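Q: Here you go, entry-v1.cif (mmCIF, C-alpha atoms):
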data_target
#
loop_
_atom_site.label_atom_id
_atom_site.label_comp_id
_atom_site.auth_asym_id
_atom_site.auth_seq_id
_atom_site.Cartn_x
_atom_site.Cartn_y
_atom_site.Cartn_z
CA MET R 21 84.43 120.35 95.48
CA PRO R 22 86.84 121.08 98.32
CA GLN R 23 89.91 118.88 98.60
CA GLY R 24 89.16 116.02 100.99
CA LYS R 25 90.79 115.91 104.36
CA PRO R 26 91.82 112.49 105.58
CA GLU R 27 89.51 111.24 108.27
CA VAL R 28 92.27 109.37 110.04
CA VAL R 29 95.99 110.06 110.22
CA PRO R 30 97.51 106.62 109.81
CA ASP R 31 100.23 105.34 112.08
CA ASP R 32 102.23 103.79 109.25
CA GLY R 33 105.54 105.61 109.67
CA LEU R 34 105.18 107.29 106.28
CA THR R 35 105.45 111.02 105.60
CA THR R 36 102.54 112.76 103.86
CA ARG R 37 104.73 112.95 100.77
CA GLN R 38 105.36 109.21 100.82
CA ARG R 39 101.70 108.52 101.45
CA ARG R 40 100.70 110.77 98.54
CA ALA R 41 102.97 108.84 96.23
CA ARG R 42 101.46 105.49 97.20
CA PRO R 43 100.78 103.37 94.14
CA LEU R 44 97.05 102.69 93.90
CA LEU R 45 95.06 99.70 92.84
CA ILE R 46 91.70 101.03 91.68
CA VAL R 47 88.67 98.93 90.79
CA HIS R 48 85.64 100.24 88.86
CA THR R 49 82.83 97.74 89.10
CA GLY R 50 79.01 97.66 89.05
CA GLU R 51 76.47 97.26 86.28
CA MET R 52 76.84 100.60 84.48
CA LYS R 53 79.18 101.46 81.61
CA GLY R 54 80.83 104.43 83.38
CA LYS R 55 83.41 101.94 84.68
CA SER R 56 85.64 102.06 81.61
CA THR R 57 84.77 105.64 80.76
CA ALA R 58 85.96 106.82 84.16
CA ALA R 59 89.15 104.79 83.76
CA PHE R 60 89.89 106.56 80.47
CA GLY R 61 89.14 109.87 82.20
CA LEU R 62 91.87 108.95 84.71
CA ALA R 63 94.15 108.30 81.76
CA LEU R 64 93.69 111.95 80.72
CA ARG R 65 95.09 113.08 84.07
CA ALA R 66 97.96 110.63 83.84
CA TRP R 67 98.75 111.82 80.31
CA ASN R 68 98.83 115.42 81.52
CA GLN R 69 101.37 114.43 84.20
CA GLY R 70 103.57 112.99 81.47
CA TRP R 71 103.07 109.44 82.75
CA PRO R 72 103.42 106.51 80.34
CA VAL R 73 99.94 104.99 80.08
CA GLY R 74 99.17 101.43 79.00
CA VAL R 75 95.61 100.35 78.15
CA PHE R 76 94.85 96.63 77.85
CA GLN R 77 91.39 95.67 76.61
CA PHE R 78 90.52 92.15 77.69
CA VAL R 79 87.18 91.71 75.97
CA LYS R 80 86.86 91.77 72.22
CA SER R 81 84.57 94.53 71.06
CA ALA R 82 84.53 95.87 67.57
CA LYS R 83 83.29 99.39 68.18
CA TRP R 84 82.53 100.05 71.83
CA LYS R 85 85.66 102.01 72.70
CA VAL R 86 86.92 103.33 69.37
CA GLY R 87 86.33 106.90 70.55
CA GLU R 88 88.49 106.64 73.63
CA GLU R 89 91.15 104.74 71.71
CA ALA R 90 91.31 107.33 68.92
CA ALA R 91 91.42 110.21 71.41
CA LEU R 92 94.09 108.65 73.63
CA LEU R 93 96.22 107.71 70.62
CA ALA R 94 95.83 111.29 69.34
CA LEU R 95 97.21 112.41 72.73
CA ASP R 96 100.09 109.98 72.28
CA GLU R 97 100.78 111.66 68.94
CA VAL R 98 100.66 115.09 70.64
CA HIS R 99 103.27 113.77 73.07
CA ARG R 100 105.49 112.50 70.23
CA SER R 101 105.29 115.68 68.21
CA THR R 102 105.33 118.37 70.92
CA GLY R 103 106.53 116.69 74.11
CA GLN R 104 103.32 117.66 75.94
CA GLY R 105 101.84 114.95 78.16
CA GLY R 106 103.03 111.35 78.17
CA PRO R 107 103.11 108.35 75.82
CA VAL R 108 100.01 106.14 75.52
CA GLU R 109 99.90 102.52 74.36
CA TRP R 110 96.57 100.82 73.59
CA HIS R 111 96.49 97.03 73.27
CA LYS R 112 93.44 94.95 72.37
CA MET R 113 93.14 91.27 73.01
CA GLY R 114 91.07 90.54 69.93
CA ALA R 115 92.45 87.34 68.39
CA GLY R 116 95.68 87.53 70.35
CA TRP R 117 97.61 90.66 71.33
CA SER R 118 99.50 92.96 68.99
CA TRP R 119 102.86 92.16 70.63
CA ALA R 120 102.29 88.39 70.70
CA ARG R 121 101.69 87.03 67.22
CA LYS R 122 101.22 87.71 63.57
CA GLN R 123 97.82 88.76 62.31
CA GLY R 124 95.69 85.82 61.33
CA ASP R 125 97.14 83.42 63.89
CA GLU R 126 94.32 81.79 65.76
CA VAL R 127 94.34 81.59 69.54
CA ASP R 128 91.54 80.87 71.95
CA HIS R 129 90.38 83.66 74.21
CA ALA R 130 91.40 81.96 77.47
CA THR R 131 94.98 81.57 76.21
CA ALA R 132 95.01 85.14 74.94
CA ALA R 133 93.80 86.43 78.32
CA VAL R 134 96.61 84.57 80.12
CA GLU R 135 99.16 85.91 77.62
CA GLY R 136 97.83 89.42 78.23
CA TRP R 137 98.18 89.08 81.96
CA ARG R 138 101.72 87.61 81.64
CA GLU R 139 102.77 90.59 79.53
CA ILE R 140 101.30 93.00 82.07
CA GLY R 141 103.22 91.18 84.80
CA ARG R 142 106.45 91.62 82.80
CA ARG R 143 105.73 95.30 82.25
CA LEU R 144 105.00 95.81 85.95
CA GLY R 145 108.36 94.20 86.70
CA GLU R 146 110.08 96.57 84.26
CA GLN R 147 108.01 99.57 85.45
CA ARG R 148 107.11 100.23 81.84
CA HIS R 149 103.99 102.32 82.54
CA ARG R 150 102.90 104.59 85.36
CA LEU R 151 99.16 103.97 84.83
CA TYR R 152 97.76 100.64 83.64
CA VAL R 153 94.13 100.34 82.56
CA LEU R 154 93.11 96.65 82.59
CA ASP R 155 89.78 97.12 80.87
CA GLU R 156 87.13 94.44 81.45
CA PHE R 157 89.73 92.36 83.25
CA THR R 158 87.17 91.06 85.77
CA TYR R 159 85.67 88.85 83.04
CA PRO R 160 88.69 86.57 82.46
CA LEU R 161 89.11 86.50 86.24
CA ASN R 162 85.51 85.46 86.79
CA TRP R 163 85.63 82.92 83.99
CA GLY R 164 88.65 81.29 85.65
CA TRP R 165 90.96 82.03 82.71
CA VAL R 166 93.34 84.07 84.82
CA ASP R 167 94.01 83.17 88.46
CA VAL R 168 92.79 85.86 90.86
CA ALA R 169 95.23 84.90 93.63
CA GLU R 170 98.17 85.21 91.23
CA VAL R 171 96.97 88.61 90.06
CA VAL R 172 96.58 89.88 93.63
CA GLU R 173 100.02 88.51 94.53
CA THR R 174 101.73 90.11 91.52
CA LEU R 175 100.02 93.45 92.11
CA ALA R 176 100.92 93.40 95.81
CA HIS R 177 104.61 93.09 94.92
CA ARG R 178 104.78 95.41 91.95
CA PRO R 179 107.80 97.70 92.25
CA GLY R 180 107.91 101.50 92.19
CA ASN R 181 104.92 103.75 91.87
CA GLN R 182 102.66 102.14 89.29
CA HIS R 183 98.91 102.75 89.43
CA VAL R 184 96.58 100.04 88.16
CA VAL R 185 92.89 100.48 87.28
CA ILE R 186 90.82 97.35 86.73
CA THR R 187 87.30 97.59 85.29
CA GLY R 188 84.41 95.17 84.83
CA ARG R 189 81.31 93.80 86.47
CA ASN R 190 81.40 91.59 89.55
CA ALA R 191 84.94 92.29 90.70
CA PRO R 192 86.12 89.19 92.61
CA ALA R 193 86.15 89.56 96.39
CA ALA R 194 89.92 89.00 96.65
CA LEU R 195 90.50 91.84 94.18
CA VAL R 196 88.18 94.20 96.07
CA GLU R 197 89.98 93.22 99.26
CA ALA R 198 93.37 94.05 97.72
CA ALA R 199 92.24 97.34 96.14
CA ASP R 200 92.87 100.78 97.59
CA LEU R 201 89.87 102.38 95.93
CA VAL R 202 86.73 100.65 94.69
CA THR R 203 83.88 102.47 92.98
CA GLU R 204 80.63 100.83 92.02
CA MET R 205 78.72 102.34 89.10
CA THR R 206 75.06 101.78 89.87
CA LYS R 207 72.19 102.14 87.48
CA VAL R 208 69.52 104.55 88.56
CA LYS R 209 67.93 104.88 85.13
CA HIS R 210 68.97 103.78 81.66
CA PRO R 211 67.40 104.51 78.25
CA MET R 212 67.70 100.85 77.23
CA ASP R 213 65.04 100.16 79.86
CA ALA R 214 62.70 102.24 77.71
CA GLY R 215 63.70 100.35 74.57
CA ALA R 216 66.30 102.77 73.19
CA LYS R 217 69.37 101.32 71.50
CA GLY R 218 72.94 102.43 71.98
CA GLN R 219 74.05 105.35 69.86
CA LYS R 220 77.38 106.49 68.49
CA GLY R 221 79.26 109.13 70.43
CA ILE R 222 77.50 108.04 73.60
CA GLU R 223 77.85 104.28 73.77
CA TRP R 224 80.96 103.96 71.59
CA MET I 25 80.94 93.54 76.90
CA PRO I 26 78.34 92.55 74.31
CA GLN I 27 76.15 95.29 72.91
CA GLY I 28 72.99 95.53 75.02
CA LYS I 29 69.68 94.50 73.54
CA PRO I 30 66.71 96.66 74.49
CA GLU I 31 64.50 94.92 77.00
CA VAL I 32 61.34 96.47 75.60
CA VAL I 33 60.51 97.62 72.08
CA PRO I 34 58.74 100.91 72.67
CA ASP I 35 55.47 101.80 71.01
CA ASP I 36 56.52 105.39 70.29
CA GLY I 37 56.14 105.49 66.51
CA LEU I 38 59.89 106.06 66.08
CA THR I 39 62.21 104.04 63.87
CA THR I 40 65.29 102.47 65.43
CA ARG I 41 67.35 105.10 63.62
CA GLN I 42 65.32 107.93 65.12
CA ARG I 43 65.48 106.33 68.53
CA ARG I 44 69.24 105.94 68.26
CA ALA I 45 69.63 109.64 67.52
CA ARG I 46 67.62 110.70 70.56
CA PRO I 47 69.34 113.52 72.42
CA LEU I 48 70.22 112.35 75.92
CA LEU I 49 70.20 114.05 79.28
CA ILE I 50 72.71 112.15 81.40
CA VAL I 51 73.27 112.62 85.13
CA HIS I 52 76.30 111.33 87.04
CA THR I 53 75.64 111.58 90.74
CA GLY I 54 76.66 109.84 93.99
CA GLU I 55 79.46 110.42 96.45
CA MET I 56 82.48 109.26 94.39
CA LYS I 57 84.66 111.36 92.10
CA GLY I 58 84.17 109.15 89.01
CA LYS I 59 81.20 111.39 88.15
CA SER I 60 83.24 114.05 86.37
CA THR I 61 85.89 111.64 85.18
CA ALA I 62 83.30 109.54 83.38
CA ALA I 63 81.81 112.69 81.83
CA PHE I 64 85.20 113.62 80.41
CA GLY I 65 85.54 110.06 79.14
CA LEU I 66 82.28 110.61 77.24
CA ALA I 67 83.81 113.78 75.82
CA LEU I 68 86.55 111.60 74.25
CA ARG I 69 83.91 109.67 72.31
CA ALA I 70 82.18 112.87 71.26
CA TRP I 71 85.50 114.35 70.13
CA ASN I 72 86.18 111.26 68.02
CA GLN I 73 82.78 111.68 66.32
CA GLY I 74 83.78 115.23 65.38
CA TRP I 75 81.17 116.71 67.70
CA PRO I 76 81.67 120.20 69.12
CA VAL I 77 82.10 119.72 72.88
CA GLY I 78 81.49 122.39 75.51
CA VAL I 79 82.62 121.89 79.12
CA PHE I 80 81.31 124.25 81.78
CA GLN I 81 82.80 123.93 85.27
CA PHE I 82 80.43 125.34 87.86
CA VAL I 83 82.55 124.98 90.96
CA LYS I 84 85.78 126.83 91.37
CA SER I 85 88.67 124.47 91.87
CA ALA I 86 92.25 125.44 91.34
CA LYS I 87 93.77 122.12 90.41
CA TRP I 88 91.24 119.29 90.50
CA LYS I 89 90.63 118.96 86.78
CA VAL I 90 93.71 120.47 85.16
CA GLY I 91 94.59 117.10 83.65
CA GLU I 92 91.30 116.63 81.86
CA GLU I 93 91.30 120.27 80.75
CA ALA I 94 94.83 120.09 79.32
CA ALA I 95 94.11 116.80 77.55
CA LEU I 96 90.80 117.94 76.05
CA LEU I 97 92.30 121.25 74.93
CA ALA I 98 95.18 119.30 73.36
CA LEU I 99 92.52 117.34 71.44
CA ASP I 100 90.95 120.64 70.38
CA GLU I 101 94.37 121.64 69.03
CA VAL I 102 94.63 118.29 67.18
CA HIS I 103 91.27 119.12 65.60
CA ARG I 104 92.44 122.59 64.57
CA SER I 105 95.71 121.41 63.08
CA THR I 106 94.71 118.10 61.46
CA GLY I 107 90.93 118.09 61.21
CA GLN I 108 90.73 114.90 63.30
CA GLY I 109 87.97 114.85 65.92
CA GLY I 110 85.92 117.87 66.90
CA PRO I 111 86.42 121.26 68.58
CA VAL I 112 86.44 121.47 72.39
CA GLU I 113 85.71 124.53 74.53
CA TRP I 114 86.40 124.53 78.27
CA HIS I 115 84.88 127.26 80.42
CA LYS I 116 85.44 127.72 84.14
CA MET I 117 83.23 129.75 86.37
CA GLY I 118 85.99 130.96 88.68
CA ALA I 119 85.38 134.66 89.30
CA GLY I 120 82.97 134.99 86.40
CA TRP I 121 83.14 133.23 83.04
CA SER I 122 85.68 133.84 80.31
CA TRP I 123 83.04 135.08 77.87
CA ALA I 124 81.32 137.37 80.40
CA ARG I 125 83.73 139.91 81.77
CA LYS I 126 87.25 141.21 81.99
CA GLN I 127 89.68 139.56 84.34
CA GLY I 128 89.69 141.12 87.76
CA ASP I 129 85.99 142.07 87.74
CA GLU I 130 84.39 140.80 90.90
CA VAL I 131 81.13 138.90 90.78
CA ASP I 132 79.51 136.72 93.43
CA HIS I 133 79.29 133.02 92.78
CA ALA I 134 75.49 132.88 92.71
CA THR I 135 75.39 135.54 89.98
CA ALA I 136 78.15 133.82 88.06
CA ALA I 137 76.28 130.50 88.21
CA VAL I 138 73.14 132.14 86.80
CA GLU I 139 75.17 133.80 84.05
CA GLY I 140 76.72 130.43 83.22
CA TRP I 141 73.35 128.77 82.95
CA ARG I 142 71.96 131.63 80.80
CA GLU I 143 74.88 131.27 78.39
CA ILE I 144 74.32 127.52 78.19
CA GLY I 145 70.64 128.19 77.44
CA ARG I 146 71.66 130.51 74.60
CA ARG I 147 74.09 127.95 73.22
CA LEU I 148 71.44 125.22 73.37
CA GLY I 149 69.14 127.53 71.40
CA GLU I 150 71.86 128.05 68.79
CA GLN I 151 72.87 124.36 68.84
CA ARG I 152 76.43 125.44 69.40
CA HIS I 153 77.69 122.13 70.84
CA ARG I 154 76.71 118.52 70.38
CA LEU I 155 77.86 117.45 73.87
CA TYR I 156 77.62 119.72 76.92
CA VAL I 157 79.34 118.78 80.17
CA LEU I 158 77.83 120.80 83.01
CA ASP I 159 80.37 119.84 85.63
CA GLU I 160 79.31 120.09 89.30
CA PHE I 161 76.11 121.79 88.17
CA THR I 162 74.08 120.08 90.90
CA TYR I 163 75.68 122.38 93.49
CA PRO I 164 74.26 125.71 92.21
CA LEU I 165 70.95 123.87 91.74
CA ASN I 166 70.95 122.56 95.30
CA TRP I 167 72.06 125.90 96.70
CA GLY I 168 69.07 127.56 95.00
CA TRP I 169 71.27 129.77 92.81
CA VAL I 170 69.84 128.34 89.59
CA ASP I 171 66.19 127.29 89.37
CA VAL I 172 65.81 123.54 88.80
CA ALA I 173 62.38 123.85 87.16
CA GLU I 174 63.75 126.35 84.63
CA VAL I 175 66.68 124.08 83.84
CA VAL I 176 64.41 121.07 83.31
CA GLU I 177 62.08 123.15 81.13
CA THR I 178 64.91 124.52 78.97
CA LEU I 179 66.48 121.09 78.56
CA ALA I 180 63.12 119.53 77.66
CA HIS I 181 62.72 121.99 74.79
CA ARG I 182 66.30 122.09 73.52
CA PRO I 183 66.32 121.81 69.72
CA GLY I 184 68.15 119.28 67.57
CA ASN I 185 70.32 116.49 68.86
CA GLN I 186 72.32 117.92 71.73
CA HIS I 187 73.49 115.65 74.54
CA VAL I 188 73.87 117.09 78.03
CA VAL I 189 75.80 115.51 80.91
CA ILE I 190 75.32 116.97 84.38
CA THR I 191 77.58 115.91 87.25
CA GLY I 192 77.57 116.45 91.00
CA ARG I 193 76.37 115.00 94.28
CA ASN I 194 72.72 114.88 95.29
CA ALA I 195 71.14 115.47 91.88
CA PRO I 196 67.74 117.13 92.50
CA ALA I 197 64.75 114.80 92.09
CA ALA I 198 63.25 116.84 89.23
CA LEU I 199 66.53 116.53 87.31
CA VAL I 200 66.71 112.76 87.89
CA GLU I 201 63.09 112.54 86.76
CA ALA I 202 63.86 114.44 83.54
CA ALA I 203 67.06 112.51 82.77
CA ASP I 204 67.34 109.65 80.29
CA LEU I 205 70.30 108.03 82.01
CA VAL I 206 71.33 108.39 85.63
CA THR I 207 74.40 106.72 87.10
CA GLU I 208 75.28 106.81 90.74
CA MET I 209 78.95 106.46 91.65
CA THR I 210 79.02 104.66 94.99
CA LYS I 211 81.96 104.37 97.31
CA VAL I 212 82.93 100.83 98.15
CA LYS I 213 86.37 101.72 99.46
CA HIS I 214 88.47 104.87 99.37
CA PRO I 215 92.10 105.43 100.45
CA MET I 216 91.15 108.66 102.25
CA ASP I 217 89.31 106.44 104.74
CA ALA I 218 92.72 105.02 105.63
CA GLY I 219 94.22 108.50 105.98
CA ALA I 220 95.82 108.85 102.55
CA LYS I 221 95.75 112.26 100.88
CA GLY I 222 94.90 112.98 97.27
CA GLN I 223 97.76 112.66 94.81
CA LYS I 224 98.56 114.24 91.47
CA GLY I 225 97.66 112.27 88.37
CA ILE I 226 94.98 110.43 90.30
CA GLU I 227 92.91 113.06 92.06
CA TRP I 228 93.71 115.97 89.71
#
Would you mind writing the file out in structure tokens?

A:
Amino acid sequence: MPQGKPEVVPDDGLTTRQRRARPLLIVHTGEMKGKSTAAFGLALRAWNQGWPVGVFQFVKSAKWKVGEEAALLALDEVHRSTGQGGPVEWHKMGAGWSWARKQGDEVDHATAAVEGWREIGRRLGEQRHRLYVLDEFTYPLNWGWVDVAEVVETLAHRPGNQHVVITGRNAPAALVEAADLVTEMTKVKHPMDAGAKGQKGIEW
Amino acid sequence: MPQGKPEVVPDDGLTTRQRRARPLLIVHTGEMKGKSTAAFGLALRAWNQGWPVGVFQFVKSAKWKVGEEAALLALDEVHRSTGQGGPVEWHKMGAGWSWARKQGDEVDHATAAVEGWREIGRRLGEQRHRLYVLDEFTYPLNWGWVDVAEVVETLAHRPGNQHVVITGRNAPAALVEAADLVTEMTKVKHPMDAGAKGQKGIEW
């Protein structure tokens, strides 16, 4: 695929170099599962650039993304032992976040989602990562657990050059409006329509 | 995301276990770049299952996928040194394929595409990989370099449990027809529309 040429040269007073380095807010939405998968593919590129990557999984799922988690944490280990690539952190909401409380403490999911978002806000302020994957983050937004307007506001004022990818169905309109790049994964055909079940290596 | 329940229980005489292990032909098409990225995300899951992964890039591109290549080859190295995950091979068409000829030999792209497809056919026959990523393979199909009917025929009769992911715009109808799962990546919004250029870590 040839490298795309911009269709319009913007009158924004920025040099090409500045425009290239623009921090992006990316949304992967639509009904198909490629949303998260493509976000983790982006994480591979970020890793190769040596960027610190932070993955935050907002919906509890026992096995769906173990493959990506294991692979990205193996890349983190490569970084630690050889210096190749960048560091990767992977945080799951589950029953509370790893940084937030001791194992076994109970917390409801709405509270945990808010805590997750607060931590991400702190990290954005500290410029802790260069790529953030907020996986399935549209769900707590749509359920009203986390305030969309606050998220858009925080992202709009994040410092430095931090890229943020948000995945999940039914991305809220205000988020789509704020995003630089929005891709919708659309189903053309899916084996579950024909009665097949998910299988390891493909679905998780 | 909860695990999907099949909408229909098929009357195909297969057990759930057999149906789960069905080899899949997956097509990622549409105008957005998530097509390849999501395929490489699938490769992470395959790697974690210990599956031998083969990536075949059919369109020459100097820098677009260096990140994914470096990361997946780092995972191959993890496999070699620790036994975690599976082996990964990454082949680029470029001016001929790595297995086919000495560097510097000239070959036209149409011939190289046919040679690539022949090699993949041989590997399918030998069950060399468990996941094949045929990246940008729709282009040589659409350009008439590789015969779609032959590809569909070969894939239909591939032995064992080998999954194949084909990416690229404008997937031919016969390929969509033959596929088990087809996802279209649709553009909702893209920064190049606003005049931004591609940037490292995001576009390559």

Q: If the PyMOL selection byres ((chain I and resi 208) around 7) were run on this exact file, what residues would it hold? Put them as a VMD selection string.

A: (chain R and resid 205 to 208) or (chain I and resid 52 to 54 206 to 207 209 to 210)

Q: What's around Val188 (chain I) at 7 Å? Count all atoms listed in the file, leave out sequence neighbours fewer than 6 positions away in its own chain, and write the answer as a tab-separated table (two decimals) with C-alpha atoms, in the coordinates of the input.

A:
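The new file part_26.tsv reads:
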chain	number	residue	atom	x	y	z
I	48	LEU	CA	70.22	112.35	75.92
I	49	LEU	CA	70.20	114.05	79.28
I	50	ILE	CA	72.71	112.15	81.40
I	155	LEU	CA	77.86	117.45	73.87
I	156	TYR	CA	77.62	119.72	76.92
I	157	VAL	CA	79.34	118.78	80.17

Q: Evaluate the PyMOL selection byres ((chain I and resi 55-69) around 8) against this structure - the residues, as a VMD selection string, please.

A: (chain R and resid 54 to 55 57 to 62 85 to 88 91 203 221 to 222 224) or (chain I and resid 52 to 54 70 to 73 77 92 96 155 157 159 to 160 189 191 to 193 208 to 211)

Q: One number please: CA of Val134 (chain R) to CA of Glu197 (chain R), in Å, one decimal.

A: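 Answer for the CA of Val134 (chain R) to CA of Glu197 (chain R) separation: 22.0 Å.
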
Q: For the structure provided, state which residues fall under the PyMOL selection byres ((chain I and resi 176) around 10), and present them as a PyMOL selection string.

A: chain I and resi 49+171-175+177-181+198-203

Q: Could you tell me how far CA of Arg148 (chain R) lies from CA of Asp96 (chain R), in Å and to one decimal?

A: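 Value for the CA of Arg148 (chain R)-CA of Asp96 (chain R) distance: 15.4 Å.
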